[in-house]
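Engineer: Following this line is upload_16.cif, made up of mmCIF, C-alpha atoms:
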```
data_coords
loop_
_atom_site.label_atom_id
_atom_site.label_comp_id
_atom_site.auth_asym_id
_atom_site.auth_seq_id
_atom_site.Cartn_x
_atom_site.Cartn_y
_atom_site.Cartn_z
CA MET A 1 138.63 -134.81 -23.28
CA GLY A 2 136.27 -134.49 -26.23
CA GLU A 3 133.27 -132.24 -26.25
CA LYS A 4 131.64 -131.32 -22.97
CA GLY A 5 128.34 -129.53 -22.62
CA GLU A 6 126.89 -130.28 -26.04
CA THR A 7 124.34 -132.42 -24.26
CA PRO A 8 123.40 -130.83 -20.93
CA ASP A 9 124.29 -132.86 -17.84
CA LEU A 10 121.41 -132.13 -15.49
CA SER A 11 122.11 -134.83 -12.94
CA GLY A 12 121.68 -133.41 -9.50
CA SER A 13 121.36 -136.11 -6.89
CA ASP A 14 124.82 -135.37 -5.51
CA LEU A 15 124.60 -131.57 -5.71
CA ALA A 16 123.99 -129.12 -2.87
CA ILE A 17 121.85 -126.21 -4.03
CA ALA A 18 120.89 -122.93 -2.40
CA ILE A 19 118.03 -120.76 -3.60
CA VAL A 20 117.79 -117.08 -2.70
CA VAL A 21 114.35 -115.52 -3.19
CA ALA A 22 113.32 -111.86 -3.06
CA ARG A 23 110.14 -111.12 -1.11
CA TYR A 24 109.35 -108.05 -3.21
CA ASN A 25 106.63 -109.00 -5.73
CA GLU A 26 106.15 -112.11 -3.62
CA ASP A 27 103.18 -113.37 -5.61
CA VAL A 28 105.55 -113.75 -8.55
CA THR A 29 108.63 -114.88 -6.64
CA ARG A 30 106.73 -117.70 -4.94
CA ARG A 31 105.87 -119.01 -8.40
CA LEU A 32 109.52 -118.64 -9.45
CA LEU A 33 110.45 -120.69 -6.40
CA ARG A 34 107.89 -123.34 -7.26
CA GLY A 35 109.43 -123.65 -10.74
CA ALA A 36 112.92 -123.94 -9.25
CA LEU A 37 111.80 -126.61 -6.80
CA ASN A 38 110.07 -128.54 -9.59
CA ALA A 39 113.28 -128.53 -11.62
CA LEU A 40 115.29 -129.77 -8.65
CA THR A 41 112.80 -132.54 -7.92
CA GLU A 42 113.00 -133.70 -11.53
CA VAL A 43 116.78 -134.09 -11.37
CA GLY A 44 116.92 -135.68 -7.94
CA VAL A 45 118.06 -132.80 -5.74
CA GLU A 46 116.60 -133.20 -2.30
CA GLU A 47 115.97 -130.41 0.17
CA PRO A 48 117.69 -127.33 -1.26
CA ASP A 49 118.35 -124.56 1.22
CA VAL A 50 116.02 -121.60 0.61
CA PHE A 51 116.83 -118.10 1.85
CA TRP A 52 114.52 -115.09 1.58
CA VAL A 53 115.76 -111.50 1.18
CA PRO A 54 113.85 -108.20 0.93
CA GLY A 55 114.31 -107.52 -2.79
CA ALA A 56 116.33 -108.05 -5.95
CA LEU A 57 119.17 -105.77 -4.88
CA GLU A 58 119.80 -107.98 -1.86
CA LEU A 59 120.10 -111.17 -3.92
CA PRO A 60 123.80 -110.71 -4.85
CA VAL A 61 125.04 -110.13 -1.29
CA ALA A 62 123.16 -113.18 -0.03
CA ALA A 63 124.51 -115.23 -2.93
CA LEU A 64 128.03 -114.01 -2.14
CA ALA A 65 127.70 -115.00 1.52
CA LEU A 66 126.49 -118.47 0.53
CA ALA A 67 129.21 -118.92 -2.09
CA GLU A 68 131.93 -117.83 0.32
CA LYS A 69 130.55 -120.07 3.07
CA GLY A 70 131.12 -123.02 0.78
CA GLY A 71 129.27 -126.27 0.56
CA TYR A 72 127.04 -125.30 -2.37
CA ASP A 73 127.58 -126.56 -5.89
CA ALA A 74 125.21 -123.95 -7.34
CA ILE A 75 123.00 -121.09 -6.24
CA VAL A 76 119.79 -119.84 -7.82
CA CYS A 77 118.67 -116.22 -7.40
CA LEU A 78 114.96 -115.50 -7.89
CA GLY A 79 113.38 -112.08 -8.03
CA CYS A 80 110.99 -109.88 -9.96
CA VAL A 81 111.44 -106.26 -10.98
CA ILE A 82 108.52 -104.57 -12.74
CA ARG A 83 108.94 -101.23 -14.45
CA GLY A 84 107.34 -98.29 -12.72
CA ASP A 85 107.22 -94.59 -13.48
CA THR A 86 110.74 -93.81 -12.25
CA TYR A 87 114.33 -94.64 -13.14
CA HIS A 88 114.45 -96.98 -10.12
CA PHE A 89 113.54 -99.95 -12.38
CA GLU A 90 116.75 -99.57 -14.41
CA ILE A 91 118.89 -99.31 -11.29
CA VAL A 92 117.42 -102.41 -9.66
CA ALA A 93 117.29 -104.46 -12.87
CA ASN A 94 120.83 -103.60 -13.95
CA GLU A 95 122.51 -103.73 -10.56
CA SER A 96 120.90 -106.98 -9.43
CA ALA A 97 121.94 -108.70 -12.68
CA ALA A 98 125.45 -107.23 -12.52
CA GLY A 99 125.75 -108.25 -8.87
CA VAL A 100 124.73 -111.84 -9.55
CA SER A 101 127.18 -112.05 -12.47
CA SER A 102 129.95 -110.54 -10.36
CA VAL A 103 129.44 -113.06 -7.56
CA GLN A 104 129.51 -115.92 -10.04
CA LEU A 105 132.74 -114.72 -11.65
CA GLU A 106 134.38 -113.84 -8.32
CA THR A 107 133.63 -117.14 -6.61
CA GLY A 108 133.39 -119.63 -9.46
CA ILE A 109 130.09 -120.91 -8.09
CA PRO A 110 127.41 -121.19 -10.79
CA ILE A 111 124.46 -118.92 -10.16
CA GLY A 112 121.19 -119.24 -12.01
CA ASN A 113 119.82 -115.78 -12.71
CA GLY A 114 116.09 -116.11 -12.23
CA ILE A 115 115.42 -112.40 -11.88
CA LEU A 116 112.51 -111.35 -14.04
CA THR A 117 112.74 -107.80 -15.39
CA CYS A 118 109.40 -106.90 -16.94
CA ASP A 119 107.53 -103.85 -18.15
CA THR A 120 104.17 -105.03 -16.83
CA ASP A 121 102.56 -107.35 -14.30
CA GLU A 122 101.18 -109.34 -17.23
CA GLN A 123 104.69 -110.00 -18.57
CA ALA A 124 105.80 -111.16 -15.13
CA ARG A 125 102.85 -113.53 -14.83
CA ALA A 126 103.54 -114.92 -18.31
CA ARG A 127 107.15 -115.80 -17.41
CA MET A 128 106.99 -116.63 -13.69
CA ASP A 129 106.35 -120.35 -14.06
CA ALA A 130 109.17 -120.96 -16.54
CA LYS A 131 111.91 -118.58 -15.36
CA GLY A 132 112.66 -120.22 -11.99
CA TYR A 133 112.70 -123.63 -13.64
CA GLU A 134 115.02 -122.51 -16.47
CA ALA A 135 117.43 -120.62 -14.20
CA THR A 136 117.73 -123.67 -11.96
CA LEU A 137 118.50 -126.03 -14.81
CA ALA A 138 121.11 -123.58 -16.14
CA ALA A 139 122.84 -123.49 -12.73
CA LEU A 140 122.81 -127.30 -12.49
CA GLU A 141 124.17 -127.69 -16.00
CA LEU A 142 127.02 -125.29 -15.31
CA ALA A 143 127.82 -126.95 -11.97
CA ASN A 144 128.17 -130.30 -13.74
CA LEU A 145 130.23 -128.79 -16.56
CA LEU A 146 132.62 -127.16 -14.07
CA ASP A 147 132.99 -130.52 -12.32
CA ALA A 148 133.95 -132.06 -15.68
CA VAL A 149 136.52 -129.28 -16.22
CA GLU A 150 138.01 -129.88 -12.75
CA GLU A 151 138.28 -133.62 -13.42
CA ARG A 152 140.30 -132.93 -16.54
#
```
Output the structure of this file as structure tokens.

Structural biologist:
Amino acid sequence: MGEKGETPDLSGSDLAIAIVVARYNEDVTRRLLRGALNALTEVGVEEPDVFWVPGALELPVAALALAEKGGYDAIVCLGCVIRGDTYHFEIVANESAAGVSSVQLETGIPIGNGILTCDTDEQARARMDAKGYEATLAALELANLLDAVEER
């Protein structure tokens, strides 16, 4: 089989992709979505399915429903959690990330974690253009690697 994954396989013209976006902090999540769509355009993915949910905590359940439905090679979850004055930040940040990871492990469907967890609005704005793009490429790369594993 040789080495697989040393050079990322980002081909995507034959992949079906779903993107789940949180409406909370929508000014940021729309920019995350734009980055994700730019990444998909670059690799030849046409017309991903985009689903909106209320917030970051709802991303995992939507991703699970999409993964269980079948038909998607990868899913990208996009959200933004900005620290406030209460412990709520830690709950949302930790549980949304754990939920996304759990869905990925449970279903075997690659999920790009594009959930920003920031201390300030400025940090979110500094990362919002790149994070959606990067999470999408990571999901595509893993989808292609898993295809190579299945072919083996």

Engineer: Near Glu122 (chain A), within 10 Å and counting only C-alpha atoms, which residues show up once chain neighbours fewer than 5 positions away are dropped, as a VMD selection string?

Structural biologist: chain A and resid 82 127 to 128

Engineer: For this structure, which residues satisfy the selection - the PyMOL selection byres ((chain A and resi 35-48) around 9) - when it is evaluated on the file as given? I want them as number ranges by chain.

Structural biologist: A: 10-19, 30-34, 49-50, 76, 78, 114, 128-137, 140

Engineer: For the structure shown, which residues end up in the PyMOL selection byres ((chain A and resi 62) around 12)? Put them as a PyMOL selection string, please?

Structural biologist: chain A and resi 18-22+50-61+63-69+75-78+96+99-100+103+111

Engineer: How many Å lie between CA of Glu90 (chain A) and CA of Leu116 (chain A), rounded to one decimal?

Structural biologist: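 If I compute the distance from CA of Glu90 (chain A) to CA of Leu116 (chain A), I get 12.5 Å.
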
Engineer: Distance CA of Ile109 (chain A)-CA of Asp73 (chain A), one decimal place?

Structural biologist: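 Going from CA of Ile109 (chain A) over to CA of Asp73 (chain A) covers 6.6 Å.
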
Engineer: Taking (107.8, -99.5, -12.4) in the file's coordinates, which residues come within 12 Å, counting all atoms listed in the file, written as a PyMOL selection string?

Structural biologist: chain A and resi 25+80-93+117-121

Engineer: In Å, rounded to a single decimal, give me how far CA of Gly71 (chain A) is from CA of Glu95 (chain A).

Structural biologist: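 These two atoms are separated by 26.0 Å.
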
Engineer: Put a box with edges along x, y and z around all the listed atoms of region 100-103 of chain A, pad it by 8 Å on each side, then give me its centre and sizes in Å, one decimal, as JSON.

Structural biologist:
```
{"center_x": 127.3, "center_y": -111.8, "center_z": -10.0, "size_x": 21.2, "size_y": 18.5, "size_z": 20.9}
```

Engineer: How would region 36-47 of chain A look with all heavy atoms restored, written as a PDB file, in the frame of the given file?

Structural biologist:
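File out.pdb, as written:
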```pdb
ATOM      1  N   ALA A  36     111.572-123.480  -9.621  1.00  0.00           N
ATOM      2  CA  ALA A  36     112.920-123.940  -9.250  1.00  0.00           C
ATOM      3  C   ALA A  36     112.855-125.266  -8.511  1.00  0.00           C
ATOM      4  O   ALA A  36     113.625-126.193  -8.792  1.00  0.00           O
ATOM      5  CB  ALA A  36     113.615-122.883  -8.397  1.00  0.00           C
ATOM      6  N   LEU A  37     111.933-125.366  -7.562  1.00  0.00           N
ATOM      7  CA  LEU A  37     111.800-126.610  -6.800  1.00  0.00           C
ATOM      8  C   LEU A  37     111.348-127.770  -7.687  1.00  0.00           C
ATOM      9  O   LEU A  37     111.817-128.901  -7.516  1.00  0.00           O
ATOM     10  CB  LEU A  37     110.839-126.404  -5.625  1.00  0.00           C
ATOM     11  CG  LEU A  37     111.311-125.419  -4.550  1.00  0.00           C
ATOM     12  CD1 LEU A  37     110.207-125.174  -3.536  1.00  0.00           C
ATOM     13  CD2 LEU A  37     112.592-125.897  -3.882  1.00  0.00           C
ATOM     14  N   ASN A  38     110.482-127.492  -8.641  1.00  0.00           N
ATOM     15  CA  ASN A  38     110.070-128.540  -9.590  1.00  0.00           C
ATOM     16  C   ASN A  38     111.252-129.042 -10.398  1.00  0.00           C
ATOM     17  O   ASN A  38     111.409-130.252 -10.611  1.00  0.00           O
ATOM     18  CB  ASN A  38     108.969-128.026 -10.517  1.00  0.00           C
ATOM     19  CG  ASN A  38     107.635-127.889  -9.830  1.00  0.00           C
ATOM     20  OD1 ASN A  38     107.396-128.473  -8.774  1.00  0.00           O
ATOM     21  ND2 ASN A  38     106.752-127.095 -10.419  1.00  0.00           N
ATOM     22  N   ALA A  39     112.093-128.127 -10.859  1.00  0.00           N
ATOM     23  CA  ALA A  39     113.280-128.530 -11.620  1.00  0.00           C
ATOM     24  C   ALA A  39     114.196-129.397 -10.769  1.00  0.00           C
ATOM     25  O   ALA A  39     114.696-130.430 -11.235  1.00  0.00           O
ATOM     26  CB  ALA A  39     114.036-127.290 -12.117  1.00  0.00           C
ATOM     27  N   LEU A  40     114.407-129.004  -9.526  1.00  0.00           N
ATOM     28  CA  LEU A  40     115.290-129.770  -8.650  1.00  0.00           C
ATOM     29  C   LEU A  40     114.727-131.152  -8.356  1.00  0.00           C
ATOM     30  O   LEU A  40     115.471-132.142  -8.332  1.00  0.00           O
ATOM     31  CB  LEU A  40     115.542-129.003  -7.349  1.00  0.00           C
ATOM     32  CG  LEU A  40     116.337-127.709  -7.512  1.00  0.00           C
ATOM     33  CD1 LEU A  40     116.421-126.965  -6.190  1.00  0.00           C
ATOM     34  CD2 LEU A  40     117.724-127.986  -8.073  1.00  0.00           C
ATOM     35  N   THR A  41     113.433-131.240  -8.159  1.00  0.00           N
ATOM     36  CA  THR A  41     112.800-132.540  -7.920  1.00  0.00           C
ATOM     37  C   THR A  41     112.997-133.456  -9.117  1.00  0.00           C
ATOM     38  O   THR A  41     113.308-134.639  -8.958  1.00  0.00           O
ATOM     39  CB  THR A  41     111.295-132.352  -7.629  1.00  0.00           C
ATOM     40  OG1 THR A  41     111.157-131.583  -6.432  1.00  0.00           O
ATOM     41  CG2 THR A  41     110.594-133.688  -7.441  1.00  0.00           C
ATOM     42  N   GLU A  42     112.847-132.908 -10.311  1.00  0.00           N
ATOM     43  CA  GLU A  42     113.000-133.700 -11.530  1.00  0.00           C
ATOM     44  C   GLU A  42     114.389-134.302 -11.690  1.00  0.00           C
ATOM     45  O   GLU A  42     114.540-135.364 -12.283  1.00  0.00           O
ATOM     46  CB  GLU A  42     112.661-132.864 -12.763  1.00  0.00           C
ATOM     47  CG  GLU A  42     111.189-132.590 -12.920  1.00  0.00           C
ATOM     48  CD  GLU A  42     110.889-131.744 -14.143  1.00  0.00           C
ATOM     49  OE1 GLU A  42     111.770-131.580 -15.011  1.00  0.00           O
ATOM     50  OE2 GLU A  42     109.756-131.242 -14.225  1.00  0.00           O
ATOM     51  N   VAL A  43     115.405-133.606 -11.198  1.00  0.00           N
ATOM     52  CA  VAL A  43     116.780-134.090 -11.370  1.00  0.00           C
ATOM     53  C   VAL A  43     117.334-134.753 -10.118  1.00  0.00           C
ATOM     54  O   VAL A  43     118.514-135.094 -10.067  1.00  0.00           O
ATOM     55  CB  VAL A  43     117.723-132.976 -11.862  1.00  0.00           C
ATOM     56  CG1 VAL A  43     117.274-132.434 -13.208  1.00  0.00           C
ATOM     57  CG2 VAL A  43     117.844-131.866 -10.839  1.00  0.00           C
ATOM     58  N   GLY A  44     116.509-134.919  -9.113  1.00  0.00           N
ATOM     59  CA  GLY A  44     116.920-135.680  -7.940  1.00  0.00           C
ATOM     60  C   GLY A  44     117.605-134.904  -6.840  1.00  0.00           C
ATOM     61  O   GLY A  44     118.224-135.501  -5.959  1.00  0.00           O
ATOM     62  N   VAL A  45     117.505-133.581  -6.844  1.00  0.00           N
ATOM     63  CA  VAL A  45     118.060-132.800  -5.740  1.00  0.00           C
ATOM     64  C   VAL A  45     117.035-132.776  -4.617  1.00  0.00           C
ATOM     65  O   VAL A  45     115.884-132.413  -4.818  1.00  0.00           O
ATOM     66  CB  VAL A  45     118.382-131.351  -6.172  1.00  0.00           C
ATOM     67  CG1 VAL A  45     118.821-130.520  -4.973  1.00  0.00           C
ATOM     68  CG2 VAL A  45     119.460-131.346  -7.243  1.00  0.00           C
ATOM     69  N   GLU A  46     117.492-133.183  -3.448  1.00  0.00           N
ATOM     70  CA  GLU A  46     116.600-133.200  -2.300  1.00  0.00           C
ATOM     71  C   GLU A  46     116.915-132.038  -1.371  1.00  0.00           C
ATOM     72  O   GLU A  46     118.073-131.727  -1.124  1.00  0.00           O
ATOM     73  CB  GLU A  46     116.749-134.519  -1.536  1.00  0.00           C
ATOM     74  CG  GLU A  46     116.320-135.722  -2.360  1.00  0.00           C
ATOM     75  CD  GLU A  46     116.386-137.004  -1.561  1.00  0.00           C
ATOM     76  OE1 GLU A  46     116.318-136.947  -0.325  1.00  0.00           O
ATOM     77  OE2 GLU A  46     116.520-138.055  -2.199  1.00  0.00           O
ATOM     78  N   GLU A  47     115.874-131.424  -0.875  1.00  0.00           N
ATOM     79  CA  GLU A  47     115.970-130.410   0.170  1.00  0.00           C
ATOM     80  C   GLU A  47     117.007-129.314  -0.091  1.00  0.00           C
ATOM     81  O   GLU A  47     118.001-129.192   0.644  1.00  0.00           O
ATOM     82  CB  GLU A  47     116.281-131.073   1.517  1.00  0.00           C
ATOM     83  CG  GLU A  47     115.229-132.042   1.985  1.00  0.00           C
ATOM     84  CD  GLU A  47     113.876-131.391   2.245  1.00  0.00           C
ATOM     85  OE1 GLU A  47     113.843-130.269   2.770  1.00  0.00           O
ATOM     86  OE2 GLU A  47     112.861-132.014   1.902  1.00  0.00           O
TER      87      GLU A  47
END
```
